[in-house]
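Data file: structure11.cif. Format and content: mmCIF, C-alpha atoms.
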data_structure
loop_
_atom_site.label_atom_id
_atom_site.label_comp_id
_atom_site.auth_asym_id
_atom_site.auth_seq_id
_atom_site.Cartn_x
_atom_site.Cartn_y
_atom_site.Cartn_z
CA LEU A 336 153.56 160.97 25.33
CA ARG A 337 149.93 160.30 26.32
CA LYS A 338 149.14 159.37 22.70
CA SER A 339 152.15 157.07 22.49
CA PHE A 340 151.17 155.42 25.80
CA ALA A 341 147.61 154.81 24.55
CA GLU A 342 148.83 153.29 21.32
CA GLU A 343 151.19 151.00 23.20
CA ARG A 344 148.40 149.89 25.53
CA GLN A 345 146.03 149.27 22.60
CA LYS A 346 148.73 147.24 20.85
CA ALA A 347 149.37 145.22 23.99
CA GLU A 348 145.60 144.49 24.39
CA GLN A 349 145.38 143.37 20.76
CA LEU A 350 148.33 141.04 21.22
CA GLU A 351 146.72 139.64 24.38
CA ARG A 352 143.45 138.99 22.52
CA GLN A 353 145.33 137.25 19.71
CA ARG A 354 147.19 135.16 22.27
CA ARG A 355 143.95 134.13 23.98
CA GLN A 356 142.23 133.30 20.68
CA LYS A 357 145.17 131.15 19.64
CA ALA A 358 145.19 129.42 23.03
CA ALA A 359 141.43 128.78 22.76
CA GLN A 360 141.87 127.39 19.25
CA LEU A 361 144.67 125.09 20.40
CA GLU A 362 142.50 123.91 23.32
CA ARG A 363 139.59 123.14 20.98
CA GLN A 364 141.92 121.21 18.69
CA ARG A 365 143.29 119.32 21.68
CA GLN A 366 139.79 118.44 22.90
CA GLU A 367 138.71 117.40 19.40
CA GLU A 368 141.74 115.14 19.13
CA ILE A 369 140.98 113.59 22.51
CA TYR A 370 137.35 113.01 21.45
CA ARG A 371 138.46 111.54 18.09
CA LYS A 372 140.86 109.12 19.77
CA GLU A 373 138.26 108.16 22.37
CA GLU A 374 135.64 107.55 19.68
CA GLN A 375 138.13 105.51 17.66
CA ARG A 376 139.00 103.47 20.74
CA ARG A 377 135.31 102.91 21.48
CA ARG A 378 134.62 101.74 17.91
CA GLU A 379 137.59 99.37 18.03
CA GLN A 380 136.38 97.93 21.34
CA GLU A 381 132.85 97.54 19.96
CA LYS A 382 134.27 95.83 16.87
CA LYS A 383 136.27 93.42 19.04
CA ARG A 384 133.21 92.70 21.19
CA GLN A 385 131.12 92.02 18.10
CA GLU A 386 133.80 89.77 16.63
CA GLN A 387 134.07 87.87 19.88
CA ARG A 388 130.26 87.63 20.08
CA GLU A 389 130.11 86.19 16.56
CA LYS A 390 132.96 83.79 17.35
CA ASP A 391 131.20 82.62 20.52
CA ARG A 392 127.95 82.23 18.62
CA ALA A 393 129.65 80.18 15.89
CA GLU A 394 131.13 77.89 18.56
CA GLU A 395 127.72 77.64 20.22
CA ILE A 396 126.09 76.62 16.93
CA SER A 397 128.86 74.11 16.30
CA LYS A 398 128.40 72.48 19.69
CA GLN A 399 124.65 72.29 19.17
CA GLY A 400 124.95 70.70 15.76
CA GLU A 401 124.31 67.25 17.25
CA PHE A 402 120.79 68.34 18.22
CA HIS A 403 119.82 68.86 14.57
CA SER A 404 118.78 65.28 13.96
CA LEU A 405 115.07 65.55 13.18
CA PHE A 406 114.04 64.68 9.65
CA VAL A 407 111.00 66.63 8.50
CA PRO A 408 109.15 66.77 5.15
CA LYS A 409 110.84 69.10 2.68
CA LYS A 410 107.61 71.09 2.43
CA VAL A 411 108.40 72.17 5.98
CA HIS A 412 112.16 72.77 5.65
CA GLY A 413 115.01 71.31 3.65
CA CYS A 414 117.41 70.75 6.59
CA LYS A 415 117.34 68.62 9.70
CA LEU A 416 115.75 70.40 12.61
CA ALA A 417 116.34 70.50 16.34
CA PHE A 418 113.94 70.97 19.22
CA THR A 419 114.08 74.66 20.05
CA LYS A 420 113.96 73.90 23.78
CA ASP A 421 117.35 72.14 23.52
CA LEU A 422 119.15 75.13 22.00
CA LEU A 423 120.86 78.21 23.40
CA PHE A 424 121.20 81.62 21.80
CA HIS A 425 124.17 83.58 23.17
CA GLY A 426 123.93 81.56 26.35
CA THR A 427 120.19 81.93 26.98
CA PRO A 428 117.37 79.61 25.85
CA ARG A 429 116.63 80.21 22.17
CA SER A 430 112.90 80.08 22.84
CA TYR A 431 113.29 83.36 24.78
CA ASN A 432 114.82 85.16 21.82
CA THR A 433 113.03 84.00 18.69
CA GLU A 434 109.76 83.98 16.81
CA CYS A 435 108.11 81.72 14.25
CA THR A 436 109.52 82.37 10.78
CA GLU A 437 106.17 81.42 9.25
CA CYS A 438 103.65 83.42 11.32
CA GLY A 439 105.69 85.67 13.61
CA SER A 440 104.32 84.18 16.83
CA ARG A 441 106.63 84.17 19.83
CA PHE A 442 104.78 81.32 21.55
CA ASN A 443 105.16 77.55 21.32
CA ILE A 444 108.24 77.63 19.06
CA GLU A 445 108.82 73.94 18.47
CA TYR A 446 111.60 73.35 15.90
CA THR A 447 114.72 75.22 14.74
CA CYS A 448 117.37 75.14 12.04
CA GLU A 449 120.27 77.24 13.32
CA GLY A 450 122.16 77.10 10.02
CA CYS A 451 119.26 78.86 8.27
CA ASP A 452 118.11 80.78 11.34
CA TYR A 453 114.71 79.16 10.83
CA ASP A 454 112.13 78.60 13.56
CA ILE A 455 108.63 77.20 13.37
CA CYS A 456 105.87 77.03 15.95
CA ASN A 457 103.84 73.94 16.71
CA GLU A 458 100.70 75.24 14.99
CA CYS A 459 102.49 76.11 11.74
CA PHE A 460 104.29 72.75 11.77
CA LYS A 461 100.98 70.93 12.07
CA GLN A 462 99.49 73.00 9.25
CA LYS A 463 102.42 72.24 6.94
CA THR A 464 102.36 68.48 7.62
CA MET A 465 98.59 67.97 7.32
CA THR A 466 97.07 66.01 4.51
CA ALA A 467 94.31 67.58 2.42
CA SER A 468 91.62 65.73 4.37
CA GLU A 469 93.22 66.74 7.67
CA LYS A 470 93.31 70.38 6.58
CA LYS A 471 89.65 70.20 5.64
CA ALA A 472 88.77 68.66 9.01
CA ASP A 473 90.89 71.25 10.81
CA ALA A 474 89.18 74.10 8.97
CA LYS A 475 85.81 72.62 9.89
CA ARG A 476 86.87 72.33 13.53
CA LYS A 477 88.09 75.94 13.61
CA ALA A 478 84.86 77.14 12.01
CA ALA A 479 82.86 75.32 14.67
CA GLU A 480 85.03 76.78 17.41
CA GLU A 481 84.61 80.28 15.97
CA LYS A 482 80.87 79.79 15.76
CA GLU A 483 80.79 78.63 19.37
CA ARG A 484 82.96 81.58 20.40
CA GLN A 485 80.62 84.01 18.69
CA LYS A 486 77.64 82.32 20.31
CA ALA A 487 79.25 82.61 23.74
CA ALA A 488 80.14 86.26 23.10
CA ALA A 489 76.56 87.00 22.03
CA GLU A 490 75.26 85.32 25.18
CA MET A 491 77.63 87.37 27.33
CA ARG A 492 76.44 90.55 25.61
CA ARG A 493 72.83 89.53 26.19
CA LEU A 494 73.44 88.86 29.87
CA GLN A 495 75.32 92.14 30.23
CA GLU A 496 72.51 94.03 28.53
CA GLU A 497 69.99 92.35 30.84
CA GLU A 498 72.11 93.31 33.84
CA ASP A 499 72.43 96.89 32.59
CA GLU A 500 68.69 97.12 32.04
CA LYS A 501 68.02 95.65 35.47
CA HIS A 502 70.41 98.17 36.99
CA ARG A 503 68.82 101.03 35.03
CA LYS A 504 65.33 100.08 36.15
CA LYS A 505 66.47 99.74 39.74
CA TRP A 506 67.49 103.40 39.84
CA ASP A 507 64.86 104.74 37.46
CA PRO A 508 62.40 106.71 39.62
CA LYS A 509 59.58 105.62 37.32
CA THR A 510 60.13 102.08 38.59
CA HIS A 511 59.37 103.15 42.15
CA PHE A 512 57.05 106.12 41.91
CA ALA A 513 53.90 107.19 40.13
CA GLU A 514 54.12 110.12 37.73
CA LYS A 515 52.34 112.47 40.13
CA ILE A 516 55.09 111.78 42.71
CA ILE A 517 57.87 112.60 40.25
CA SER A 518 56.08 115.54 38.60
CA PRO A 519 53.65 117.10 41.09
CA SER A 520 50.66 118.94 39.72
CA ASP A 521 50.05 122.66 40.26
CA LYS A 522 47.62 121.67 42.98
CA ASN A 523 50.32 119.63 44.74
CA GLU A 524 52.75 122.56 44.57
CA ASP A 525 50.20 124.95 46.08
CA PRO A 526 50.47 125.05 49.91
CA ASP A 527 46.68 125.47 50.01
CA GLY A 528 46.07 122.81 47.35
CA ASN A 529 44.42 120.41 49.79
CA LYS A 530 42.78 123.14 51.91
CA LEU A 531 44.99 122.20 54.91
CA LYS A 532 43.48 118.69 54.98
CA GLY A 533 46.37 116.88 53.34
CA PHE A 534 50.01 116.23 54.20
CA THR A 535 52.91 118.57 53.46
CA VAL A 536 56.35 117.48 52.29
CA TRP A 537 59.08 119.91 53.39
CA CYS A 538 62.85 120.02 53.04
CA SER A 539 65.81 121.93 54.48
CA ASP A 540 69.47 122.20 53.58
CA GLY A 541 71.96 124.04 55.78
CA TYR A 542 74.78 123.79 58.30
CA GLY A 543 74.06 122.83 61.87
CA ASN A 544 75.76 124.30 64.93
CA ASP A 545 78.93 122.26 64.43
CA GLY A 546 81.33 124.90 65.78
CA TRP A 547 83.08 125.17 62.46
CA HIS A 548 80.73 126.66 59.90
CA ARG A 549 78.87 129.93 60.31
CA TYR A 550 75.64 129.24 62.17
CA GLU A 551 72.61 131.52 62.02
CA GLY A 552 70.08 129.20 63.57
CA PRO A 553 68.25 126.16 62.18
CA PRO A 554 68.02 126.14 58.35
CA THR A 555 64.76 127.17 56.71
CA LYS A 556 62.20 124.41 56.18
CA GLU A 557 60.95 125.00 52.66
CA PHE A 558 57.64 123.85 51.28
CA ASP A 559 57.76 121.13 48.61
CA THR A 560 54.31 119.69 47.98
CA THR A 561 51.04 118.67 49.57
CA TYR A 562 49.29 115.35 48.96
CA ALA A 563 45.91 114.04 50.01
CA THR A 564 47.31 110.87 51.64
CA LYS A 565 50.23 109.98 53.89
CA LYS A 566 51.29 107.24 51.47
CA GLU A 567 51.70 109.68 48.59
CA ALA A 568 53.43 112.26 50.79
CA ASN A 569 55.84 109.63 52.14
CA GLU A 570 56.67 108.48 48.60
CA ARG A 571 57.29 112.07 47.52
CA ALA A 572 59.55 112.58 50.56
CA ARG A 573 61.65 109.57 49.63
CA TYR A 574 61.89 110.69 45.99
CA LEU A 575 62.87 114.23 46.95
CA PHE A 576 65.40 113.09 49.58
CA GLN A 577 67.27 110.58 47.41
CA TRP A 578 66.66 111.50 43.77
CA LYS A 579 66.67 115.31 44.16
CA ASN A 580 69.32 115.81 46.81
CA PRO A 581 71.11 119.22 46.90
CA TRP A 582 74.49 117.77 45.85
CA GLY A 583 73.36 116.61 42.43
CA LEU A 584 74.16 112.97 43.20
CA GLY A 585 72.32 110.21 41.38
CA ALA A 586 70.11 107.99 43.50
CA GLU A 587 72.61 105.10 43.43
CA GLU A 588 75.56 107.32 44.23
CA PHE A 589 73.59 108.98 47.01
CA GLU A 590 72.76 105.62 48.58
CA ASN A 591 76.33 104.30 48.27
CA HIS A 592 78.07 107.44 49.54
CA ALA A 593 75.70 109.02 52.01
CA TYR A 594 77.50 109.27 55.35
CA GLU A 595 74.53 108.07 57.40
CA ILE A 596 70.80 108.27 56.78
CA ASP A 597 68.49 108.69 59.77
CA LYS A 598 64.95 107.67 58.93
CA SER A 599 62.21 108.08 61.48
CA THR A 600 58.44 107.68 61.42
CA LYS A 601 55.90 109.47 63.57
CA GLU A 602 52.20 108.71 63.26
CA GLY A 603 52.87 107.16 59.85
CA MET A 604 54.77 110.18 58.47
CA VAL A 605 58.46 109.83 57.57
CA THR A 606 61.46 112.10 58.11
CA TYR A 607 64.85 111.61 56.47
CA VAL A 608 68.07 113.30 57.65
CA THR A 609 71.69 112.96 56.52
CA THR A 610 74.83 114.98 57.29
CA PRO A 611 77.86 113.99 55.22
CA ASP A 612 81.31 114.96 56.51
CA ASP A 613 82.05 118.68 56.14
CA SER A 614 78.72 119.35 54.47
CA THR A 615 75.24 120.64 55.09
CA THR A 616 72.44 118.71 56.74
CA TRP A 617 69.81 117.62 54.25
CA SER A 618 66.39 116.91 55.73
CA VAL A 619 63.06 115.94 54.19
CA GLY A 620 59.91 115.25 56.19
CA VAL A 621 56.13 114.94 56.14
CA VAL A 622 53.69 116.70 58.48
CA PRO A 623 49.98 117.46 58.33
CA ASP A 624 49.24 120.56 56.26
CA ALA A 625 47.92 122.36 59.30
CA ALA A 626 51.09 121.65 61.31
CA PHE A 627 53.59 122.88 58.72
CA ALA A 628 53.20 126.56 59.62
CA TYR A 629 54.21 125.79 63.22
CA LEU A 630 57.55 124.16 62.37
CA ASP A 631 60.69 126.15 63.23
CA ASN A 632 61.73 128.42 60.34
CA ALA A 633 59.01 127.09 58.05
CA THR A 634 58.30 129.00 54.83
CA ARG A 635 55.62 128.55 52.20
CA SER A 636 58.18 129.52 49.54
CA ARG A 637 59.00 126.50 47.43
CA HIS A 638 62.57 125.18 47.13
CA TYR A 639 64.55 124.73 43.88
CA HIS A 640 65.87 121.17 44.23
CA ASP A 641 63.61 119.59 41.61
CA ARG A 642 63.84 122.51 39.18
CA GLU A 643 66.62 121.62 36.77
CA ASP A 644 67.17 125.12 35.35
CA ASP A 645 67.34 126.77 38.77
CA TYR A 646 69.55 123.99 40.07
CA GLU A 647 72.17 124.60 37.38
CA ALA A 648 72.45 128.22 38.46
CA THR A 649 72.57 127.72 42.23
CA ALA A 650 73.83 124.24 43.06
CA GLY A 651 77.48 125.24 42.94
CA SER A 652 77.24 126.93 46.32
CA PHE A 653 76.22 123.64 47.87
CA GLY A 654 79.46 121.82 47.05
CA VAL A 655 78.25 119.60 44.24
CA TYR A 656 80.23 116.32 44.08
CA HIS A 657 82.49 117.42 46.94
CA CYS A 658 80.39 116.63 49.95
CA PHE A 659 80.87 112.88 50.46
#

Please re-express this file's structure in structure tokens.
Amino acid sequence: LRKSFAEERQKAEQLERQRRQKAAQLERQRQEEIYRKEEQRRREQEKKRQEQREKDRAEEISKQGEFHSLFVPKKVHGCKLAFTKDLLFHGTPRSYNTECTECGSRFNIEYTCEGCDYDICNECFKQKTMTASEKKADAKRKAAEEKERQKAAAEMRRLQEEEDEKHRKKWDPKTHFAEKIISPSDKNEDPDGNKLKGFTVWCSDGYGNDGWHRYEGPPTKEFDTTYATKKEANERARYLFQWKNPWGLGAEEFENHAYEIDKSTKEGMVTYVTTPDDSTTWSVGVVPDAAFAYLDNATRSRHYHDREDDYEATAGSFGVYHCF
């Protein structure tokens, strides 16, 4: 009995599967038929629209036949032409929907033959109706215009090159500073190079007590160079402050984006300070050699800011290009 019951159940399940498969097949056929009829209906509607569009266009051309009254030389076109501006194309100005049959331009379309679907621009029409002498004169005129255009372009390039060179020189440190300011000698980079009788350039870079960043007291004032005169030391201070800033900014970018620069002078010696938003305070100053050791947090150890190789390795911690 159990075996008979199992066989009956298996047979019933098989019949159910067959019934479902047949129903699914019938549904697919029904959907395909619906799609076929819909596609056929769409094609018929599109065909009717196209036929109506062609009929309307033929009527439009017929109504505009009276505008085709311009006789032109056969070397231009064999039929009478109409002014393109007077014609419509499916209800909109033809000039919006056409291009010159001769050159492909979509501008200044002047004349049209609707029967031949021919359009010609003003320039091509003039070219086709010119005499040999007129063509020669026109070619000469165009050559002169091209020569003048090239001359003007060359002058613009020259002026641009002059401007670029002027701009380059403006921000080239060699324009403003002597070589010994840009590249200090070993003597200049020795804190005892002037036997404490010169003037020391120092710099510092660190966060102030702004209540936001970690503060461990005033940043270290690092030794940069010593020069025999205040003038040289002041020039070095300006070069170091603007051209060798800790953010890797070029001199122009530094000047244009620095938040605020505080420059002060005491007894003929300069100090520069700037604190961009959410960044460190960058300071450069000049003091007598003998006074440097008495500055807060002064160190005879030299900084890295004008050492390109060291800068590449350490500048990232100073927020390069993200401080202004």

Between segment 381-422 of chain A and segment 438-447 of chain A, at 9 Å or less, what are the per-residue closest atom pairs and their distances in Å? Count all atoms listed in the file, order by chain and rising residue number, and return it as a Markdown table.
| residue | atom | partner | partner_atom | distance |
| --- | --- | --- | --- | --- |
| A:His403 | CA | A:Thr447 | CA | 8.2 |
| A:Leu405 | CA | A:Tyr446 | CA | 9.0 |
| A:Lys415 | CA | A:Thr447 | CA | 8.7 |
| A:Leu416 | CA | A:Thr447 | CA | 5.4 |
| A:Ala417 | CA | A:Thr447 | CA | 5.2 |
| A:Phe418 | CA | A:Tyr446 | CA | 4.7 |
| A:Thr419 | CA | A:Tyr446 | CA | 5.0 |
| A:Lys420 | CA | A:Glu445 | CA | 7.4 |
| A:Leu422 | CA | A:Thr447 | CA | 8.5 |

Test item: the PyMOL selection byres ((chain A and resi 609) around 9) resolved as a PDB file with C-alpha atoms, keeping the file's coordinate frame:
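Result saved to out-v9.pdb:
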ATOM      1  CA  ALA A 593      75.700 109.020  52.010  1.00  0.00           C
ATOM      2  CA  TYR A 594      77.500 109.270  55.350  1.00  0.00           C
ATOM      3  CA  GLU A 595      74.530 108.070  57.400  1.00  0.00           C
ATOM      4  CA  ILE A 596      70.800 108.270  56.780  1.00  0.00           C
ATOM      5  CA  ASP A 597      68.490 108.690  59.770  1.00  0.00           C
ATOM      6  CA  LYS A 598      64.950 107.670  58.930  1.00  0.00           C
ATOM      7  CA  TYR A 607      64.850 111.610  56.470  1.00  0.00           C
ATOM      8  CA  VAL A 608      68.070 113.300  57.650  1.00  0.00           C
ATOM      9  CA  THR A 610      74.830 114.980  57.290  1.00  0.00           C
ATOM     10  CA  PRO A 611      77.860 113.990  55.220  1.00  0.00           C
ATOM     11  CA  THR A 615      75.240 120.640  55.090  1.00  0.00           C
ATOM     12  CA  THR A 616      72.440 118.710  56.740  1.00  0.00           C
ATOM     13  CA  TRP A 617      69.810 117.620  54.250  1.00  0.00           C
ATOM     14  CA  SER A 618      66.390 116.910  55.730  1.00  0.00           C
TER      15      SER A 618
END

So which residues get picked by the PyMOL selection byres ((chain A and resi 635) around 12) here, written as a ChimeraX atom specification? /A:524-527,535-538,555-561,624,627-630,632-634,636-638

Target residues per the PyMOL selection byres ((chain A and resi 506-518) around 9), formatted as a ChimeraX atom specification: /A:501-505,519-520,523,567-568,570-571,574-575,578,585-587

d(atom CA of Ser397 of chain A, atom CA of Asn432 of chain A) in Å: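 Computing it gives 18.7 Å between the two atoms.
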
Between atom CA of Gly533 of chain A and atom CA of Ala625 of chain A, what is the distance in Å, rounded to a tenth?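 These two atoms are separated by 8.2 Å.
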
Atom CA of Lys579 of chain A to atom CA of Asp540 of chain A, distance in Å rounded to a single decimal: 12.0 Å

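Considering the residues A:Lys390, A:Glu500, A:Lys409, A:Lys477 and counting only C-alpha atoms, Thr464 of chain A has its shortest atom-to-atom contact with A:Lys409.
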
Between A:Arg388, A:Lys383, A:Lys410, A:Arg573, which has the minimum distance to Lys463 of chain A (counting only C-alpha atoms)? A:Lys410

Would you mind writing segment 451-469 of chain A with N, CA, C and O atoms, as a PDB file, keeping the file's coordinate frame?
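selection14.pdb, written as the output of this step:
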ATOM      1  N   CYS A 451     120.092  77.973   9.093  1.00  0.00           N
ATOM      2  CA  CYS A 451     119.260  78.860   8.270  1.00  0.00           C
ATOM      3  C   CYS A 451     118.564  79.932   9.108  1.00  0.00           C
ATOM      4  O   CYS A 451     117.820  80.743   8.560  1.00  0.00           O
ATOM      5  N   ASP A 452     118.806  79.876  10.416  1.00  0.00           N
ATOM      6  CA  ASP A 452     118.110  80.780  11.340  1.00  0.00           C
ATOM      7  C   ASP A 452     116.604  80.685  11.122  1.00  0.00           C
ATOM      8  O   ASP A 452     115.893  81.687  11.006  1.00  0.00           O
ATOM      9  N   TYR A 453     116.121  79.441  11.098  1.00  0.00           N
ATOM     10  CA  TYR A 453     114.710  79.160  10.830  1.00  0.00           C
ATOM     11  C   TYR A 453     114.055  78.582  12.073  1.00  0.00           C
ATOM     12  O   TYR A 453     114.599  77.665  12.700  1.00  0.00           O
ATOM     13  N   ASP A 454     112.894  79.106  12.414  1.00  0.00           N
ATOM     14  CA  ASP A 454     112.130  78.600  13.560  1.00  0.00           C
ATOM     15  C   ASP A 454     110.686  78.433  13.138  1.00  0.00           C
ATOM     16  O   ASP A 454     110.157  79.213  12.341  1.00  0.00           O
ATOM     17  N   ILE A 455     110.028  77.429  13.711  1.00  0.00           N
ATOM     18  CA  ILE A 455     108.630  77.200  13.370  1.00  0.00           C
ATOM     19  C   ILE A 455     107.869  76.785  14.624  1.00  0.00           C
ATOM     20  O   ILE A 455     108.361  75.993  15.436  1.00  0.00           O
ATOM     21  N   CYS A 456     106.681  77.343  14.769  1.00  0.00           N
ATOM     22  CA  CYS A 456     105.870  77.030  15.950  1.00  0.00           C
ATOM     23  C   CYS A 456     105.109  75.727  15.721  1.00  0.00           C
ATOM     24  O   CYS A 456     105.009  75.220  14.593  1.00  0.00           O
ATOM     25  N   ASN A 457     104.530  75.222  16.770  1.00  0.00           N
ATOM     26  CA  ASN A 457     103.840  73.940  16.710  1.00  0.00           C
ATOM     27  C   ASN A 457     102.636  73.990  15.777  1.00  0.00           C
ATOM     28  O   ASN A 457     102.387  73.063  14.999  1.00  0.00           O
ATOM     29  N   GLU A 458     101.891  75.119  15.818  1.00  0.00           N
ATOM     30  CA  GLU A 458     100.700  75.240  14.990  1.00  0.00           C
ATOM     31  C   GLU A 458     101.051  75.265  13.507  1.00  0.00           C
ATOM     32  O   GLU A 458     100.403  74.588  12.688  1.00  0.00           O
ATOM     33  N   CYS A 459     102.075  76.048  13.141  1.00  0.00           N
ATOM     34  CA  CYS A 459     102.490  76.110  11.740  1.00  0.00           C
ATOM     35  C   CYS A 459     103.040  74.764  11.258  1.00  0.00           C
ATOM     36  O   CYS A 459     102.833  74.368  10.103  1.00  0.00           O
ATOM     37  N   PHE A 460     103.752  74.063  12.142  1.00  0.00           N
ATOM     38  CA  PHE A 460     104.290  72.750  11.770  1.00  0.00           C
ATOM     39  C   PHE A 460     103.152  71.790  11.468  1.00  0.00           C
ATOM     40  O   PHE A 460     103.195  71.041  10.474  1.00  0.00           O
ATOM     41  N   LYS A 461     102.113  71.827  12.305  1.00  0.00           N
ATOM     42  CA  LYS A 461     100.980  70.930  12.070  1.00  0.00           C
ATOM     43  C   LYS A 461     100.282  71.275  10.748  1.00  0.00           C
ATOM     44  O   LYS A 461      99.888  70.379   9.990  1.00  0.00           O
ATOM     45  N   GLN A 462     100.138  72.579  10.490  1.00  0.00           N
ATOM     46  CA  GLN A 462      99.490  73.000   9.250  1.00  0.00           C
ATOM     47  C   GLN A 462     100.261  72.530   8.026  1.00  0.00           C
ATOM     48  O   GLN A 462      99.682  72.087   7.031  1.00  0.00           O
ATOM     49  N   LYS A 463     101.604  72.620   8.087  1.00  0.00           N
ATOM     50  CA  LYS A 463     102.420  72.240   6.940  1.00  0.00           C
ATOM     51  C   LYS A 463     102.477  70.736   6.715  1.00  0.00           C
ATOM     52  O   LYS A 463     102.766  70.276   5.601  1.00  0.00           O
ATOM     53  N   THR A 464     102.261  69.939   7.743  1.00  0.00           N
ATOM     54  CA  THR A 464     102.360  68.480   7.620  1.00  0.00           C
ATOM     55  C   THR A 464     101.003  67.797   7.491  1.00  0.00           C
ATOM     56  O   THR A 464     100.933  66.573   7.407  1.00  0.00           O
ATOM     57  N   MET A 465      99.925  68.565   7.455  1.00  0.00           N
ATOM     58  CA  MET A 465      98.590  67.970   7.320  1.00  0.00           C
ATOM     59  C   MET A 465      98.337  67.494   5.893  1.00  0.00           C
ATOM     60  O   MET A 465      98.816  68.090   4.927  1.00  0.00           O
ATOM     61  N   THR A 466      97.561  66.451   5.814  1.00  0.00           N
ATOM     62  CA  THR A 466      97.070  66.010   4.510  1.00  0.00           C
ATOM     63  C   THR A 466      95.888  66.897   4.121  1.00  0.00           C
ATOM     64  O   THR A 466      95.379  67.682   4.938  1.00  0.00           O
ATOM     65  N   ALA A 467      95.439  66.759   2.891  1.00  0.00           N
ATOM     66  CA  ALA A 467      94.310  67.580   2.420  1.00  0.00           C
ATOM     67  C   ALA A 467      93.065  67.332   3.261  1.00  0.00           C
ATOM     68  O   ALA A 467      92.337  68.272   3.621  1.00  0.00           O
ATOM     69  N   SER A 468      92.813  66.050   3.568  1.00  0.00           N
ATOM     70  CA  SER A 468      91.620  65.730   4.370  1.00  0.00           C
ATOM     71  C   SER A 468      91.757  66.263   5.794  1.00  0.00           C
ATOM     72  O   SER A 468      90.779  66.720   6.392  1.00  0.00           O
ATOM     73  N   GLU A 469      92.992  66.220   6.321  1.00  0.00           N
ATOM     74  CA  GLU A 469      93.220  66.740   7.670  1.00  0.00           C
ATOM     75  C   GLU A 469      93.029  68.262   7.710  1.00  0.00           C
ATOM     76  O   GLU A 469      92.472  68.811   8.658  1.00  0.00           O
TER      77      GLU A 469
END
